[in-house]
Amino acid sequence: MPSHESAIYPAPPEYDIFKKKMQSLSGIDLDAYKYQIHRRIHMLMQRWGMKSYDEYYKTIADNPDKLREFLDYLTINVTEFFRNANRWWELKDRIIPQIYKELGHQKLKMWSAACSTGEEPYSLAILAIESRVATPKPVLAVDIDDGVLAKATAGVYAKRQIASAPKEWIPKYFTDAGADTVKVKPEVKDKVKFKHMDLIKDRFESDFDLILCRNVVIYFGPETKSALYKKFFSALRPGGYLMTGATEQIFEYKTIGFESAGPFLYRRPK
Ligand SMILES: C[S@@+](CC[C@H](N)C(=O)[O-])C[C@H]1O[C@@H](n2cnc3c(N)ncnc32)[C@H](O)[C@@H]1O
């Protein structure tokens with residue numbers, strides 16, 4: 001174990017106080033996250049030469065930039081349009097047509113749970129347009145971090161974020177915004193509704209046909225993860241699908257009630 005880790009394990013009692021104060025300040029319950037979160041916080045403290053949790057808390061509480069940095073570092077909001085492209089083509093070519101066929105309706109209720117800066121829900125909206133899928137409501141897109149939601153709502157991206165999009169879709173759904181940036185067109189924006197939500201604490205809507213929850217539970221402890229997957233199960237319409245990230249297998253999917261519908265794809269039985 002590297003020396004900086006042995007210095008913080010087991011967590012000293014001051015860390016419990018820090019966690020409580022951070023929850024009142026940011027709304028984030030650090031106990032729901034894996035122990036790596038503790039290490040990440042400690043690394044951040046080392047970077048700024050902070051000698052105690054109390055000193056670090058005061059710095060964050062007095063300085064919005066430090067709070068922003070803390071949240072960014074903690075919640076890691078890396079994402080891109082059509083991230084893991086093959087999964088998207090599977091949605092387009094297999095899953096969406098299957099929902100049509102089996103459920104006998106053509107209005108899909110979709111949700112990007114932990115949407116970060118918006119690339120994932122906008123990708124879903126584009127897929128809906130391309131598949132000629134009607135959506136009863138806009139794609140629901142939620143995240144705990146208001147900073148990423150503001151960026152998502154603006155809908156302006158560096159061109160590298162759309163590298164996985166098929167070339168012919170780019171002029172259809174984006175306008176050039178100069179300096180290597182693009183802006184999502186209004187017809188795509190209108191199909192997405194962003195909302196602040198803590199997936200761990202908040203209540204979910206129901207009757208979804210398709211939920212994407214990718215690259216977020218990797219930071220959650222096993223109990224938090226399991227409780228979250230049960231909530232997703234209840235939020236799905238019978239026959240609806242949950243897609244997880246490319247490394248996020250649900251080991252207890254059968255116990256929860258899901259059936260497997262392919263790699264990292266789970267279905268609530270009809
Ligand atoms: C790596 S991004 C995933 C973005 C997108 N789903 C993807 O796979 O490209 C992880 C996101 O999870 C969000 N997040 C972390 N904890 C959360 C929680 N308890 N509730 C809602 N969002 C959360 C973070 O703010 C971050 O934007």
# chains A, B, ... in the order shown; residues from 1 in each chain; ligands from 1
>>> residues_near_ligand(ligand="ligand 1", cutoff="8 Å", atoms="only C-alpha atoms and all ligand atoms", output="PyMOL selection string")
chain A and resi 28+71-72+74-81+83+112-120+142-145+148+196-201+212-217+219+245
>>> write_last_selection(atoms="N, CA and C atoms", output="tab-separated table (two decimals), in the first residue's frame")
chain	number	residue	atom	x	y	z
A	28	ILE	N	-24.23	15.91	-1.24
A	28	ILE	CA	-23.70	14.59	-1.62
A	28	ILE	C	-23.35	13.77	-0.37
A	71	LEU	N	-16.27	18.92	-6.54
A	71	LEU	CA	-17.35	18.16	-7.19
A	71	LEU	C	-16.87	17.54	-8.50
A	72	ASP	N	-16.10	18.30	-9.27
A	72	ASP	CA	-15.59	17.77	-10.54
A	72	ASP	C	-14.72	16.54	-10.30
A	74	LEU	N	-14.65	14.62	-7.75
A	74	LEU	CA	-15.37	13.53	-7.11
A	74	LEU	C	-16.27	12.79	-8.07
A	75	THR	N	-16.91	13.52	-8.94
A	75	THR	CA	-17.97	12.90	-9.74
A	75	THR	C	-17.51	12.58	-11.16
A	76	ILE	N	-16.31	12.98	-11.54
A	76	ILE	CA	-15.73	12.66	-12.84
A	76	ILE	C	-16.77	12.65	-13.96
A	77	ASN	N	-16.88	13.74	-14.68
A	77	ASN	CA	-17.95	13.77	-15.68
A	77	ASN	C	-17.52	13.56	-17.13
A	78	VAL	N	-16.51	12.73	-17.30
A	78	VAL	CA	-16.07	12.41	-18.67
A	78	VAL	C	-17.19	11.73	-19.46
A	79	THR	N	-17.42	12.18	-20.68
A	79	THR	CA	-18.44	11.56	-21.52
A	79	THR	C	-18.22	12.00	-22.97
A	80	GLU	N	-19.00	11.49	-23.89
A	80	GLU	CA	-18.93	11.93	-25.29
A	80	GLU	C	-20.19	11.47	-26.02
A	81	PHE	N	-20.45	12.01	-27.19
A	81	PHE	CA	-21.58	11.55	-28.00
A	81	PHE	C	-21.31	10.12	-28.45
A	83	ARG	N	-20.86	7.38	-26.93
A	83	ARG	CA	-19.74	6.73	-26.23
A	83	ARG	C	-19.92	5.21	-26.32
A	112	SER	N	-31.75	9.17	-19.46
A	112	SER	CA	-30.31	9.12	-19.28
A	112	SER	C	-30.04	9.48	-17.82
A	113	ALA	N	-29.73	8.45	-17.01
A	113	ALA	CA	-29.56	8.63	-15.57
A	113	ALA	C	-28.08	8.86	-15.28
A	114	ALA	N	-27.73	10.06	-14.88
A	114	ALA	CA	-26.35	10.56	-14.73
A	114	ALA	C	-25.83	10.94	-16.11
A	115	CYS	N	-26.35	12.06	-16.59
A	115	CYS	CA	-26.14	12.45	-17.99
A	115	CYS	C	-24.91	13.31	-18.20
A	116	SER	N	-24.27	13.73	-17.09
A	116	SER	CA	-23.10	14.60	-17.18
A	116	SER	C	-23.41	15.83	-18.06
A	117	THR	N	-22.53	16.15	-19.00
A	117	THR	CA	-22.69	17.39	-19.76
A	117	THR	C	-23.66	17.25	-20.95
A	118	GLY	N	-24.39	16.16	-21.04
A	118	GLY	CA	-25.51	16.08	-21.99
A	118	GLY	C	-25.29	15.27	-23.25
A	119	GLU	N	-24.07	14.82	-23.49
A	119	GLU	CA	-23.80	14.08	-24.73
A	119	GLU	C	-24.66	12.82	-24.84
A	120	GLU	N	-24.86	12.12	-23.71
A	120	GLU	CA	-25.63	10.86	-23.76
A	120	GLU	C	-27.12	11.11	-24.08
A	142	VAL	N	-30.81	13.44	-16.16
A	142	VAL	CA	-30.59	13.95	-14.80
A	142	VAL	C	-29.13	13.80	-14.38
A	143	ASP	N	-28.74	14.68	-13.47
A	143	ASP	CA	-27.41	14.56	-12.87
A	143	ASP	C	-27.44	15.28	-11.52
A	144	ILE	N	-26.50	14.90	-10.66
A	144	ILE	CA	-26.44	15.51	-9.33
A	144	ILE	C	-25.69	16.85	-9.37
A	145	ASP	N	-24.96	17.08	-10.45
A	145	ASP	CA	-24.03	18.20	-10.51
A	145	ASP	C	-24.61	19.34	-11.37
A	148	VAL	N	-22.50	20.59	-14.51
A	148	VAL	CA	-22.58	19.85	-15.78
A	148	VAL	C	-23.94	20.08	-16.43
A	196	HIS	N	-32.05	18.36	-12.15
A	196	HIS	CA	-31.15	17.96	-11.07
A	196	HIS	C	-31.75	16.77	-10.33
A	197	MET	N	-30.97	15.74	-10.12
A	197	MET	CA	-31.46	14.60	-9.33
A	197	MET	C	-30.30	13.83	-8.72
A	198	ASP	N	-30.50	13.41	-7.47
A	198	ASP	CA	-29.56	12.51	-6.83
A	198	ASP	C	-30.15	11.10	-6.98
A	199	LEU	N	-29.49	10.28	-7.76
A	199	LEU	CA	-30.01	8.93	-8.04
A	199	LEU	C	-30.13	8.11	-6.76
A	200	ILE	N	-29.31	8.43	-5.79
A	200	ILE	CA	-29.32	7.63	-4.56
A	200	ILE	C	-30.52	8.00	-3.68
A	201	LYS	N	-30.78	9.31	-3.59
A	201	LYS	CA	-31.79	9.74	-2.62
A	201	LYS	C	-33.18	9.97	-3.22
A	212	LEU	N	-30.73	4.42	-19.56
A	212	LEU	CA	-29.28	4.29	-19.66
A	212	LEU	C	-28.68	4.77	-18.35
A	213	CYS	N	-27.93	3.90	-17.68
A	213	CYS	CA	-27.20	4.35	-16.50
A	213	CYS	C	-25.78	3.82	-16.66
A	214	ARG	N	-24.92	4.67	-17.20
A	214	ARG	CA	-23.60	4.20	-17.61
A	214	ARG	C	-22.50	5.03	-16.95
A	215	ASN	N	-21.52	4.32	-16.46
A	215	ASN	CA	-20.31	4.95	-15.94
A	215	ASN	C	-20.57	5.88	-14.76
A	216	VAL	N	-21.49	5.46	-13.90
A	216	VAL	CA	-21.68	6.22	-12.67
A	216	VAL	C	-21.59	5.30	-11.45
A	217	VAL	N	-22.15	4.08	-11.51
A	217	VAL	CA	-22.16	3.25	-10.31
A	217	VAL	C	-20.77	2.75	-9.93
A	219	TYR	N	-18.54	4.32	-8.91
A	219	TYR	CA	-18.09	5.03	-7.71
A	219	TYR	C	-18.90	4.67	-6.48
A	245	GLY	N	-23.00	0.58	-18.10
A	245	GLY	CA	-21.73	0.89	-18.76
A	245	GLY	C	-20.97	-0.37	-19.16
>>> select_by_dssp(residues="segment 107-257 of chain A", states="alpha helix (DSSP H)", output="PyMOL selection string")
chain A and resi 119-130+146-154+170-173+186-189+222-235+253-256
>>> closest_residue(among="A:Lys167, A:Val156, A:Glu252, A:Arg203", to="Asp180 of chain A", atoms="only C-alpha atoms")
A:Val156
>>> atom_distance(atom1="atom CA of Ala32 of chain A", atom2="atom CA of Met50 of chain A")
24.2 Å
>>> atom_distance(atom1="atom CA of Lys230 of chain A", atom2="atom CA of Asp146 of chain A")
25.4 Å
>>> decode(residues="segment 123-233 of chain A", atoms="C-alpha atoms", output="tab-separated table (two decimals), in the first residue's frame")
chain	number	residue	atom	x	y	z
A	123	SER	CA	-27.32	11.01	-28.50
A	124	LEU	CA	-30.55	9.29	-27.42
A	125	ALA	CA	-32.61	12.11	-28.92
A	126	ILE	CA	-30.69	11.85	-32.20
A	127	LEU	CA	-31.24	8.09	-32.22
A	128	ALA	CA	-34.96	8.64	-31.67
A	129	ILE	CA	-35.09	11.01	-34.65
A	130	GLU	CA	-33.04	8.65	-36.83
A	131	SER	CA	-35.19	5.65	-35.87
A	132	ARG	CA	-38.34	7.73	-36.44
A	133	VAL	CA	-39.37	7.04	-32.87
A	134	ALA	CA	-41.97	9.24	-31.29
A	135	THR	CA	-41.34	10.14	-27.68
A	136	PRO	CA	-44.33	11.01	-25.48
A	137	LYS	CA	-42.13	13.42	-23.55
A	138	PRO	CA	-38.56	14.64	-24.03
A	139	VAL	CA	-35.75	12.27	-23.02
A	140	LEU	CA	-35.28	12.72	-19.26
A	141	ALA	CA	-31.68	13.63	-18.42
A	142	VAL	CA	-30.59	13.95	-14.80
A	143	ASP	CA	-27.41	14.56	-12.87
A	144	ILE	CA	-26.44	15.51	-9.33
A	145	ASP	CA	-24.03	18.20	-10.51
A	146	ASP	CA	-25.56	21.55	-11.46
A	147	GLY	CA	-22.34	22.64	-13.18
A	148	VAL	CA	-22.58	19.85	-15.78
A	149	LEU	CA	-26.32	20.45	-16.19
A	150	ALA	CA	-25.66	24.11	-17.08
A	151	LYS	CA	-23.18	23.00	-19.73
A	152	ALA	CA	-25.63	20.38	-21.00
A	153	THR	CA	-28.38	22.96	-21.34
A	154	ALA	CA	-26.08	25.25	-23.35
A	155	GLY	CA	-25.43	22.35	-25.76
A	156	VAL	CA	-22.06	23.62	-27.03
A	157	TYR	CA	-19.27	21.06	-27.45
A	158	ALA	CA	-15.71	20.66	-28.62
A	159	LYS	CA	-15.64	18.84	-31.97
A	160	ARG	CA	-13.72	15.93	-30.45
A	161	GLN	CA	-16.87	15.11	-28.42
A	162	ILE	CA	-18.70	14.13	-31.62
A	163	ALA	CA	-15.91	11.98	-33.09
A	164	SER	CA	-18.01	8.77	-32.78
A	165	ALA	CA	-21.06	10.25	-34.54
A	166	PRO	CA	-21.62	9.06	-38.13
A	167	LYS	CA	-20.25	11.77	-40.44
A	168	GLU	CA	-23.56	12.33	-42.21
A	169	TRP	CA	-25.32	13.05	-38.91
A	170	ILE	CA	-23.06	15.98	-38.01
A	171	PRO	CA	-24.53	18.64	-40.36
A	172	LYS	CA	-28.01	17.28	-39.64
A	173	TYR	CA	-27.88	17.73	-35.88
A	174	PHE	CA	-25.11	20.26	-35.15
A	175	THR	CA	-24.22	23.76	-36.27
A	176	ASP	CA	-20.70	25.10	-36.37
A	177	ALA	CA	-20.08	27.33	-33.36
A	178	GLY	CA	-16.53	28.38	-34.32
A	179	ALA	CA	-13.16	27.64	-32.71
A	180	ASP	CA	-13.49	23.88	-33.04
A	181	THR	CA	-16.88	23.82	-31.35
A	182	VAL	CA	-20.36	22.77	-32.41
A	183	LYS	CA	-23.81	23.51	-31.09
A	184	VAL	CA	-26.67	21.03	-30.87
A	185	LYS	CA	-29.55	22.07	-33.14
A	186	PRO	CA	-32.83	23.19	-31.52
A	187	GLU	CA	-34.77	20.16	-32.83
A	188	VAL	CA	-32.44	17.91	-30.81
A	189	LYS	CA	-32.41	20.19	-27.77
A	190	ASP	CA	-36.20	20.23	-27.65
A	191	LYS	CA	-36.18	16.48	-27.25
A	192	VAL	CA	-34.24	16.52	-23.97
A	193	LYS	CA	-35.29	17.75	-20.55
A	194	PHE	CA	-32.52	18.26	-17.97
A	195	LYS	CA	-33.18	18.02	-14.27
A	196	HIS	CA	-31.15	17.96	-11.07
A	197	MET	CA	-31.46	14.60	-9.33
A	198	ASP	CA	-29.56	12.51	-6.83
A	199	LEU	CA	-30.01	8.93	-8.04
A	200	ILE	CA	-29.32	7.63	-4.56
A	201	LYS	CA	-31.79	9.74	-2.62
A	202	ASP	CA	-34.50	10.91	-5.00
A	203	ARG	CA	-37.69	9.22	-6.16
A	204	PHE	CA	-37.90	8.03	-9.76
A	205	GLU	CA	-40.62	8.40	-12.36
A	206	SER	CA	-42.05	5.18	-13.77
A	207	ASP	CA	-42.99	3.47	-17.05
A	208	PHE	CA	-39.68	3.92	-18.85
A	209	ASP	CA	-39.03	1.82	-21.95
A	210	LEU	CA	-35.31	2.43	-21.88
A	211	ILE	CA	-32.97	3.62	-19.12
A	212	LEU	CA	-29.28	4.29	-19.66
A	213	CYS	CA	-27.20	4.35	-16.50
A	214	ARG	CA	-23.60	4.20	-17.61
A	215	ASN	CA	-20.31	4.95	-15.94
A	216	VAL	CA	-21.68	6.22	-12.67
A	217	VAL	CA	-22.16	3.25	-10.31
A	218	ILE	CA	-18.44	2.49	-10.52
A	219	TYR	CA	-18.09	5.03	-7.71
A	220	PHE	CA	-20.87	3.56	-5.54
A	221	GLY	CA	-20.50	0.99	-2.78
A	222	PRO	CA	-22.16	-2.46	-3.31
A	223	GLU	CA	-25.26	-1.72	-1.20
A	224	THR	CA	-25.86	1.64	-2.89
A	225	LYS	CA	-25.46	-0.02	-6.28
A	226	SER	CA	-27.87	-2.81	-5.50
A	227	ALA	CA	-30.52	-0.41	-4.12
A	228	LEU	CA	-30.16	1.72	-7.24
A	229	TYR	CA	-30.67	-1.21	-9.62
A	230	LYS	CA	-33.82	-2.18	-7.71
A	231	LYS	CA	-35.12	1.38	-8.15
A	232	PHE	CA	-34.40	1.18	-11.89
A	233	PHE	CA	-36.24	-2.13	-12.09
